[in-house]
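> Following this line is data.txt, made up of compact mmCIF, N, CA and C atoms:
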```txt
# COMPACT_ATOMS: atom_id res chain seq x y z
N VAL L 1 -32.71 -20.14 8.84
CA VAL L 1 -31.60 -19.19 8.90
C VAL L 1 -30.44 -19.77 8.10
N GLN L 2 -29.96 -19.02 7.15
CA GLN L 2 -28.93 -19.55 6.26
C GLN L 2 -28.03 -18.44 5.72
N LEU L 3 -26.77 -18.79 5.55
CA LEU L 3 -25.78 -17.91 4.92
C LEU L 3 -25.13 -18.69 3.79
N VAL L 4 -25.09 -18.09 2.62
CA VAL L 4 -24.51 -18.77 1.46
C VAL L 4 -23.47 -17.87 0.83
N GLU L 5 -22.22 -18.31 0.92
CA GLU L 5 -21.10 -17.55 0.36
C GLU L 5 -20.76 -18.04 -1.03
N SER L 6 -20.25 -17.12 -1.85
CA SER L 6 -19.82 -17.48 -3.20
C SER L 6 -18.80 -16.48 -3.69
N GLY L 7 -18.16 -16.82 -4.80
CA GLY L 7 -17.23 -15.89 -5.45
C GLY L 7 -15.77 -16.24 -5.30
N GLY L 8 -15.44 -17.23 -4.49
CA GLY L 8 -14.05 -17.61 -4.34
C GLY L 8 -13.49 -18.24 -5.60
N ALA L 9 -12.18 -18.18 -5.75
CA ALA L 9 -11.53 -18.73 -6.93
C ALA L 9 -10.03 -18.79 -6.69
N LEU L 10 -9.35 -19.33 -7.69
CA LEU L 10 -7.88 -19.32 -7.72
C LEU L 10 -7.44 -18.11 -8.53
N VAL L 11 -6.65 -17.24 -7.91
CA VAL L 11 -6.17 -16.05 -8.60
C VAL L 11 -4.68 -15.88 -8.35
N GLN L 12 -4.06 -15.11 -9.20
CA GLN L 12 -2.65 -14.81 -9.02
C GLN L 12 -2.48 -13.65 -8.05
N SER L 13 -1.32 -13.61 -7.45
CA SER L 13 -0.99 -12.51 -6.56
C SER L 13 -1.18 -11.18 -7.30
N GLY L 14 -1.80 -10.21 -6.62
CA GLY L 14 -2.10 -8.93 -7.24
C GLY L 14 -3.47 -8.85 -7.87
N GLY L 15 -4.13 -9.98 -7.96
CA GLY L 15 -5.45 -10.01 -8.59
C GLY L 15 -6.56 -9.57 -7.65
N SER L 16 -7.79 -9.63 -8.15
CA SER L 16 -8.96 -9.18 -7.39
C SER L 16 -10.06 -10.23 -7.44
N LEU L 17 -10.87 -10.22 -6.41
CA LEU L 17 -12.06 -11.05 -6.35
C LEU L 17 -13.16 -10.29 -5.62
N ARG L 18 -14.39 -10.66 -5.90
CA ARG L 18 -15.53 -10.12 -5.16
C ARG L 18 -16.34 -11.27 -4.60
N LEU L 19 -16.41 -11.34 -3.30
CA LEU L 19 -17.18 -12.38 -2.64
C LEU L 19 -18.58 -11.85 -2.33
N SER L 20 -19.54 -12.78 -2.32
CA SER L 20 -20.92 -12.44 -1.97
C SER L 20 -21.42 -13.38 -0.90
N CYS L 21 -22.32 -12.89 -0.08
CA CYS L 21 -22.94 -13.71 0.96
C CYS L 21 -24.42 -13.33 1.00
N VAL L 22 -25.27 -14.30 0.69
CA VAL L 22 -26.71 -14.08 0.74
C VAL L 22 -27.25 -14.63 2.05
N ALA L 23 -27.94 -13.79 2.78
CA ALA L 23 -28.53 -14.18 4.06
C ALA L 23 -30.02 -14.42 3.90
N SER L 24 -30.51 -15.41 4.60
CA SER L 24 -31.95 -15.68 4.58
C SER L 24 -32.39 -16.19 5.94
N GLY L 25 -33.68 -16.03 6.22
CA GLY L 25 -34.24 -16.54 7.46
C GLY L 25 -34.15 -15.58 8.64
N PHE L 26 -33.57 -14.43 8.44
CA PHE L 26 -33.53 -13.41 9.48
C PHE L 26 -33.42 -12.04 8.81
N THR L 27 -33.69 -11.00 9.58
CA THR L 27 -33.65 -9.64 9.04
C THR L 27 -32.22 -9.13 9.09
N SER L 28 -31.48 -9.40 8.02
CA SER L 28 -30.05 -9.06 8.00
C SER L 28 -29.80 -7.57 8.13
N SER L 29 -30.79 -6.75 7.75
CA SER L 29 -30.60 -5.30 7.77
C SER L 29 -30.50 -4.74 9.19
N THR L 30 -30.76 -5.54 10.20
CA THR L 30 -30.68 -5.06 11.58
C THR L 30 -29.50 -5.66 12.33
N TYR L 31 -28.54 -6.18 11.58
CA TYR L 31 -27.36 -6.78 12.20
C TYR L 31 -26.07 -6.27 11.58
N THR L 32 -25.06 -6.12 12.40
CA THR L 32 -23.71 -5.98 11.89
C THR L 32 -23.31 -7.31 11.26
N LEU L 33 -22.71 -7.23 10.09
CA LEU L 33 -22.30 -8.44 9.38
C LEU L 33 -20.79 -8.40 9.14
N GLY L 34 -20.22 -9.56 9.03
CA GLY L 34 -18.77 -9.60 8.85
C GLY L 34 -18.30 -10.75 7.99
N TRP L 35 -17.09 -10.59 7.51
CA TRP L 35 -16.41 -11.66 6.76
C TRP L 35 -15.29 -12.22 7.63
N PHE L 36 -15.21 -13.54 7.64
CA PHE L 36 -14.22 -14.26 8.41
C PHE L 36 -13.36 -15.08 7.46
N ARG L 37 -12.12 -15.28 7.84
CA ARG L 37 -11.21 -16.09 7.03
C ARG L 37 -10.64 -17.19 7.91
N GLN L 38 -10.69 -18.40 7.38
CA GLN L 38 -10.13 -19.55 8.09
C GLN L 38 -8.96 -20.10 7.31
N THR L 39 -7.84 -20.24 7.98
CA THR L 39 -6.65 -20.81 7.37
C THR L 39 -6.15 -21.95 8.25
N PRO L 40 -5.45 -22.91 7.64
CA PRO L 40 -4.96 -24.05 8.42
C PRO L 40 -4.08 -23.59 9.57
N GLY L 41 -4.39 -24.06 10.74
CA GLY L 41 -3.56 -23.76 11.89
C GLY L 41 -3.76 -22.39 12.49
N LYS L 42 -4.67 -21.60 11.90
CA LYS L 42 -4.84 -20.24 12.41
C LYS L 42 -6.25 -19.96 12.90
N GLY L 43 -7.14 -20.89 12.70
CA GLY L 43 -8.50 -20.66 13.14
C GLY L 43 -9.23 -19.69 12.25
N ARG L 44 -10.33 -19.19 12.74
CA ARG L 44 -11.18 -18.31 11.96
C ARG L 44 -11.05 -16.90 12.52
N GLU L 45 -10.65 -15.96 11.66
CA GLU L 45 -10.46 -14.59 12.10
C GLU L 45 -11.41 -13.66 11.35
N LEU L 46 -11.84 -12.63 12.05
CA LEU L 46 -12.69 -11.61 11.44
C LEU L 46 -11.81 -10.66 10.65
N VAL L 47 -12.07 -10.53 9.34
CA VAL L 47 -11.24 -9.65 8.52
C VAL L 47 -11.94 -8.34 8.18
N ALA L 48 -13.27 -8.32 8.18
CA ALA L 48 -13.99 -7.09 7.86
C ALA L 48 -15.41 -7.19 8.42
N SER L 49 -15.93 -6.06 8.87
CA SER L 49 -17.30 -6.01 9.35
C SER L 49 -17.91 -4.67 9.00
N ILE L 50 -19.23 -4.65 8.93
CA ILE L 50 -19.94 -3.43 8.58
C ILE L 50 -21.20 -3.33 9.42
N GLY L 51 -21.45 -2.16 9.98
CA GLY L 51 -22.61 -1.96 10.81
C GLY L 51 -23.87 -1.80 9.98
N PHE L 52 -25.02 -1.70 10.71
CA PHE L 52 -26.28 -1.61 10.01
C PHE L 52 -26.97 -0.27 10.19
N ARG L 53 -26.48 0.55 11.13
CA ARG L 53 -27.14 1.84 11.37
C ARG L 53 -26.59 2.88 10.41
N PRO L 54 -27.39 3.87 10.04
CA PRO L 54 -26.86 4.96 9.21
C PRO L 54 -25.66 5.59 9.89
N GLY L 55 -24.58 5.75 9.16
CA GLY L 55 -23.38 6.31 9.74
C GLY L 55 -22.43 5.30 10.31
N ASP L 56 -22.88 4.08 10.48
CA ASP L 56 -21.95 3.03 10.91
C ASP L 56 -20.91 2.85 9.83
N GLY L 57 -19.73 2.68 10.25
CA GLY L 57 -18.67 2.46 9.28
C GLY L 57 -18.32 0.99 9.17
N ALA L 58 -17.20 0.75 8.57
CA ALA L 58 -16.67 -0.59 8.43
C ALA L 58 -15.37 -0.69 9.21
N ASN L 59 -15.06 -1.87 9.62
CA ASN L 59 -13.81 -2.14 10.32
C ASN L 59 -13.07 -3.26 9.62
N TYR L 60 -11.75 -3.16 9.64
CA TYR L 60 -10.93 -4.13 8.92
C TYR L 60 -9.78 -4.61 9.80
N ALA L 61 -9.41 -5.85 9.60
CA ALA L 61 -8.18 -6.34 10.19
C ALA L 61 -7.01 -5.62 9.55
N ARG L 62 -5.97 -5.44 10.31
CA ARG L 62 -4.82 -4.69 9.80
C ARG L 62 -4.26 -5.32 8.54
N SER L 63 -4.33 -6.61 8.44
CA SER L 63 -3.71 -7.32 7.31
C SER L 63 -4.41 -7.06 5.99
N VAL L 64 -5.66 -6.59 6.04
CA VAL L 64 -6.41 -6.40 4.80
C VAL L 64 -6.78 -4.94 4.56
N ARG L 65 -6.50 -4.09 5.51
CA ARG L 65 -6.88 -2.68 5.41
C ARG L 65 -6.28 -2.07 4.15
N ALA L 66 -7.06 -1.27 3.48
CA ALA L 66 -6.68 -0.57 2.23
C ALA L 66 -6.67 -1.49 1.01
N ARG L 67 -6.93 -2.76 1.21
CA ARG L 67 -7.02 -3.69 0.06
C ARG L 67 -8.42 -4.28 -0.08
N PHE L 68 -9.09 -4.49 1.03
CA PHE L 68 -10.43 -5.08 1.02
C PHE L 68 -11.46 -4.01 1.34
N THR L 69 -12.64 -4.15 0.74
CA THR L 69 -13.75 -3.25 1.02
C THR L 69 -15.01 -4.08 1.25
N VAL L 70 -15.63 -3.91 2.40
CA VAL L 70 -16.87 -4.62 2.71
C VAL L 70 -18.04 -3.68 2.44
N SER L 71 -19.11 -4.23 1.89
CA SER L 71 -20.31 -3.44 1.62
C SER L 71 -21.53 -4.36 1.76
N ARG L 72 -22.69 -3.74 1.78
CA ARG L 72 -23.91 -4.53 1.93
C ARG L 72 -25.04 -3.91 1.11
N ASP L 73 -25.91 -4.77 0.63
CA ASP L 73 -27.12 -4.34 -0.06
C ASP L 73 -28.28 -4.99 0.68
N ASP L 74 -28.89 -4.26 1.56
CA ASP L 74 -29.94 -4.84 2.39
C ASP L 74 -31.22 -5.13 1.61
N ASN L 75 -31.36 -4.50 0.47
CA ASN L 75 -32.52 -4.84 -0.39
C ASN L 75 -32.38 -6.24 -0.96
N LYS L 76 -31.15 -6.69 -1.08
CA LYS L 76 -30.89 -8.02 -1.62
C LYS L 76 -30.43 -8.99 -0.53
N ASN L 77 -30.42 -8.53 0.73
CA ASN L 77 -29.93 -9.37 1.83
C ASN L 77 -28.55 -9.94 1.52
N THR L 78 -27.70 -9.11 0.96
CA THR L 78 -26.40 -9.59 0.48
C THR L 78 -25.26 -8.75 1.04
N LEU L 79 -24.23 -9.43 1.46
CA LEU L 79 -22.99 -8.83 1.94
C LEU L 79 -21.91 -9.10 0.92
N TYR L 80 -21.05 -8.12 0.68
CA TYR L 80 -19.98 -8.26 -0.32
C TYR L 80 -18.63 -8.02 0.32
N LEU L 81 -17.61 -8.58 -0.33
CA LEU L 81 -16.23 -8.28 0.04
C LEU L 81 -15.43 -8.13 -1.24
N GLN L 82 -15.06 -6.91 -1.55
CA GLN L 82 -14.19 -6.64 -2.69
C GLN L 82 -12.75 -6.78 -2.22
N MET L 83 -12.02 -7.67 -2.86
CA MET L 83 -10.66 -7.97 -2.46
C MET L 83 -9.73 -7.59 -3.60
N ASN L 84 -8.87 -6.62 -3.35
CA ASN L 84 -7.92 -6.16 -4.36
C ASN L 84 -6.49 -6.43 -3.90
N ASN L 85 -5.60 -6.43 -4.87
CA ASN L 85 -4.17 -6.64 -4.57
C ASN L 85 -3.99 -7.85 -3.65
N LEU L 86 -4.57 -8.95 -4.07
CA LEU L 86 -4.53 -10.15 -3.25
C LEU L 86 -3.12 -10.68 -3.08
N LYS L 87 -2.87 -11.24 -1.91
CA LYS L 87 -1.57 -11.79 -1.58
C LYS L 87 -1.72 -13.27 -1.22
N PRO L 88 -0.66 -14.05 -1.34
CA PRO L 88 -0.76 -15.47 -0.98
C PRO L 88 -1.28 -15.69 0.44
N GLU L 89 -0.97 -14.80 1.35
CA GLU L 89 -1.44 -14.96 2.73
C GLU L 89 -2.93 -14.70 2.89
N ASP L 90 -3.59 -14.26 1.82
CA ASP L 90 -5.06 -14.12 1.86
C ASP L 90 -5.76 -15.45 1.58
N THR L 91 -4.99 -16.44 1.22
CA THR L 91 -5.56 -17.76 0.93
C THR L 91 -6.29 -18.31 2.14
N GLY L 92 -7.48 -18.85 1.91
CA GLY L 92 -8.26 -19.43 2.99
C GLY L 92 -9.70 -19.62 2.56
N VAL L 93 -10.49 -20.12 3.48
CA VAL L 93 -11.93 -20.23 3.26
C VAL L 93 -12.60 -19.04 3.93
N TYR L 94 -13.41 -18.35 3.16
CA TYR L 94 -14.07 -17.14 3.65
C TYR L 94 -15.52 -17.43 3.98
N TYR L 95 -15.93 -16.95 5.15
CA TYR L 95 -17.29 -17.13 5.64
C TYR L 95 -17.87 -15.77 6.02
N CYS L 96 -19.17 -15.67 6.00
CA CYS L 96 -19.83 -14.50 6.54
C CYS L 96 -20.64 -14.92 7.77
N ASN L 97 -20.89 -13.98 8.65
CA ASN L 97 -21.70 -14.25 9.83
C ASN L 97 -21.96 -12.93 10.54
N ARG L 98 -22.67 -13.01 11.66
CA ARG L 98 -22.98 -11.86 12.49
C ARG L 98 -21.98 -11.84 13.63
N PRO L 99 -21.01 -10.94 13.62
CA PRO L 99 -19.95 -10.98 14.62
C PRO L 99 -20.43 -10.86 16.06
N ASN L 100 -21.57 -10.22 16.28
CA ASN L 100 -22.04 -9.97 17.65
C ASN L 100 -23.05 -11.01 18.13
N SER L 101 -23.51 -11.85 17.22
CA SER L 101 -24.51 -12.87 17.58
C SER L 101 -24.51 -13.94 16.50
N TYR L 102 -23.52 -14.81 16.62
CA TYR L 102 -23.31 -15.81 15.56
C TYR L 102 -24.53 -16.68 15.32
N ILE L 103 -24.68 -17.05 14.07
CA ILE L 103 -25.65 -18.07 13.69
C ILE L 103 -24.87 -19.19 13.00
N GLY L 104 -25.58 -20.19 12.49
CA GLY L 104 -24.90 -21.31 11.87
C GLY L 104 -24.05 -20.87 10.69
N TRP L 105 -22.88 -21.46 10.58
CA TRP L 105 -21.95 -21.11 9.51
C TRP L 105 -22.38 -21.74 8.20
N GLY L 106 -22.12 -20.99 7.12
CA GLY L 106 -22.35 -21.53 5.79
C GLY L 106 -21.21 -22.45 5.38
N GLN L 107 -21.19 -22.79 4.12
CA GLN L 107 -20.15 -23.70 3.63
C GLN L 107 -18.85 -22.97 3.32
N GLY L 108 -18.91 -21.65 3.26
CA GLY L 108 -17.73 -20.87 2.95
C GLY L 108 -17.40 -20.91 1.47
N THR L 109 -16.45 -20.08 1.08
CA THR L 109 -15.98 -20.05 -0.30
C THR L 109 -14.46 -19.98 -0.29
N GLN L 110 -13.83 -20.82 -1.08
CA GLN L 110 -12.36 -20.95 -1.06
C GLN L 110 -11.71 -19.88 -1.93
N VAL L 111 -10.76 -19.19 -1.34
CA VAL L 111 -9.93 -18.24 -2.06
C VAL L 111 -8.49 -18.75 -2.01
N THR L 112 -7.90 -18.91 -3.17
CA THR L 112 -6.52 -19.35 -3.25
C THR L 112 -5.74 -18.35 -4.08
N VAL L 113 -4.69 -17.82 -3.50
CA VAL L 113 -3.87 -16.82 -4.18
C VAL L 113 -2.50 -17.42 -4.44
N SER L 114 -2.14 -17.54 -5.69
CA SER L 114 -0.85 -18.11 -6.05
C SER L 114 0.18 -17.01 -6.20
N SER L 115 1.41 -17.36 -5.86
CA SER L 115 2.49 -16.35 -5.93
C SER L 115 3.12 -16.33 -7.30
```
How does this structure look as structure tokens?


Amino acid sequence: VQLVESGGALVQSGGSLRLSCVASGFTSSTYTLGWFRQTPGKGRELVASIGFRPGDGANYARSVRARFTVSRDDNKNTLYLQMNNLKPEDTGVYYCNRPNSYIGWGQGTQVTVSS
């Protein structure tokens, strides 16, 4: 069972990034998946999640709503996070996982937004 995140980078405020998370070792298509952000002193917070059933929607933390879009491609066992209009407060390490039944965390991917 493994989660591998990628796509993080250093960007300027207002920029965009697309994160990817490849899942292996379990049937990701039968789980709600989510993106988490860890910042110093704030712990790890869930910023976006997406269900697996037809008609399931996505949910977002208030701080990222209307700027971030979570999506999934179950044929590729991949979860995405499109991040637009990035702000310095979006800086952190981003992880993916199953919000309702956690598995081992991946290494995460660093996103740094400069002002």

> Out of L:Thr39, L:Ser24, L:Ser63, L:Ser29, which residue has the shortest atom-to-atom distance to Gln2 of chain L when counting only C-alpha atoms?

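Counting only C-alpha atoms, the residue closest to Gln2 of chain L is L:Ser24.
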
> DSSP on the backbone: what in segment 39-99 of chain L comes out strand (DSSP E), as a PyMOL selection string?

chain L and resi 39+43-50+58-60+68-73+78-83+92-97

> May I ask for the distance between atom CA of Asp73 of chain L and atom CA of Ser20 of chain L, given in Å to one decimal place?

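Pair atom CA of Asp73 of chain L / atom CA of Ser20 of chain L returns 10.4 Å.
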
> Choose the residue, out of L:Cys21, L:Asp56, L:Ser13, L:Gln110, that has the smallest atom-to-atom separation from Leu81 of chain L; count all atoms listed in the file.

L:Cys21

> Would you pick out the contacts of segment 68-70 of chain L at 5 Å or less, using only N, CA and C atoms, so that residues sharing its chain but fewer than 6 positions from it are not included, and give the list as a VMD selection string?

chain L and resid 80 to 84

> Find the spatial neighbours of Gly14 of chain L, counting only C-alpha atoms, within a cut-off of 8 Å - ignore same-chain residues fewer than 3 positions away - and output them as a PDB file with N, CA and C atoms, in the frame of the given file.


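For reference, out29.pdb as written:
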```pdb
ATOM      1  N   ASN L  84      -8.870  -6.620  -3.350  1.00  0.00           N
ATOM      2  CA  ASN L  84      -7.920  -6.160  -4.360  1.00  0.00           C
ATOM      3  C   ASN L  84      -6.490  -6.430  -3.900  1.00  0.00           C
ATOM      4  N   ASN L  85      -5.600  -6.430  -4.870  1.00  0.00           N
ATOM      5  CA  ASN L  85      -4.170  -6.640  -4.570  1.00  0.00           C
ATOM      6  C   ASN L  85      -3.990  -7.850  -3.650  1.00  0.00           C
ATOM      7  N   LEU L  86      -4.570  -8.950  -4.070  1.00  0.00           N
ATOM      8  CA  LEU L  86      -4.530 -10.150  -3.250  1.00  0.00           C
ATOM      9  C   LEU L  86      -3.120 -10.680  -3.080  1.00  0.00           C
ATOM     10  N   LYS L  87      -2.870 -11.240  -1.910  1.00  0.00           N
ATOM     11  CA  LYS L  87      -1.570 -11.790  -1.580  1.00  0.00           C
ATOM     12  C   LYS L  87      -1.720 -13.270  -1.220  1.00  0.00           C
TER      13      LYS L  87
END
```

> Would you kindly return, as a ChimeraX atom specification, each protein, DNA or RNA residue with an atom no farther than 8 Å from any atom of Lys76 of chain L, considering only N, CA and C atoms and excluding same-chain residues fewer than 2 positions away?

/L:21-23,72-74,78-79

> Interatomic distance between atom CA of Glu89 of chain L and atom CA of Ala58 of chain L?

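Atom CA of Glu89 of chain L sits 21.7 Å away from atom CA of Ala58 of chain L.
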
> Find, counting all atoms listed in the file, the residue in L:Gly57, L:Gly34, L:Gly43, L:Gly25 that gets nearest to Pro99 of chain L.

L:Gly34

> With distances taken over all atoms listed in the file, which residue among L:Thr32, L:Ser115, L:Gln38, L:Ser16 lies nearest Val93 of chain L?

L:Gln38

> What's around Ser114 of chain L at 6 Å? Count all atoms listed in the file, leave out sequence neighbours fewer than 2 positions away in its own chain, and write the answer as a ChimeraX atom specification.

/L:11-13,88,112

> Using all atoms listed in the file, can you tell me which of L:Pro54, L:Leu19, L:Tyr60, L:Ile103 comes closest to Gly7 of chain L?

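Closest to Gly7 of chain L, using all atoms listed in the file: L:Leu19.
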
> Return as a ChimeraX atom specification the full set of residues in segment 5-115 of chain L whose backbone-based DSSP assignment is helix (DSSP H, G or I).

/L:28-30,88-90

> Can you tell me how far atom C of Ala9 of chain L sits from atom N of Tyr31 of chain L, in Å to one decimal?

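Going from atom C of Ala9 of chain L over to atom N of Tyr31 of chain L, I get 28.9 Å.
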
> Go through L:Leu46, L:Val111, L:Pro40, L:Arg62 and flag the residue nearest Tyr94 of chain L, using only N, CA and C atoms for the distances.

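Among L:Leu46, L:Val111, L:Pro40, L:Arg62, it is L:Val111 that comes nearest to Tyr94 of chain L.
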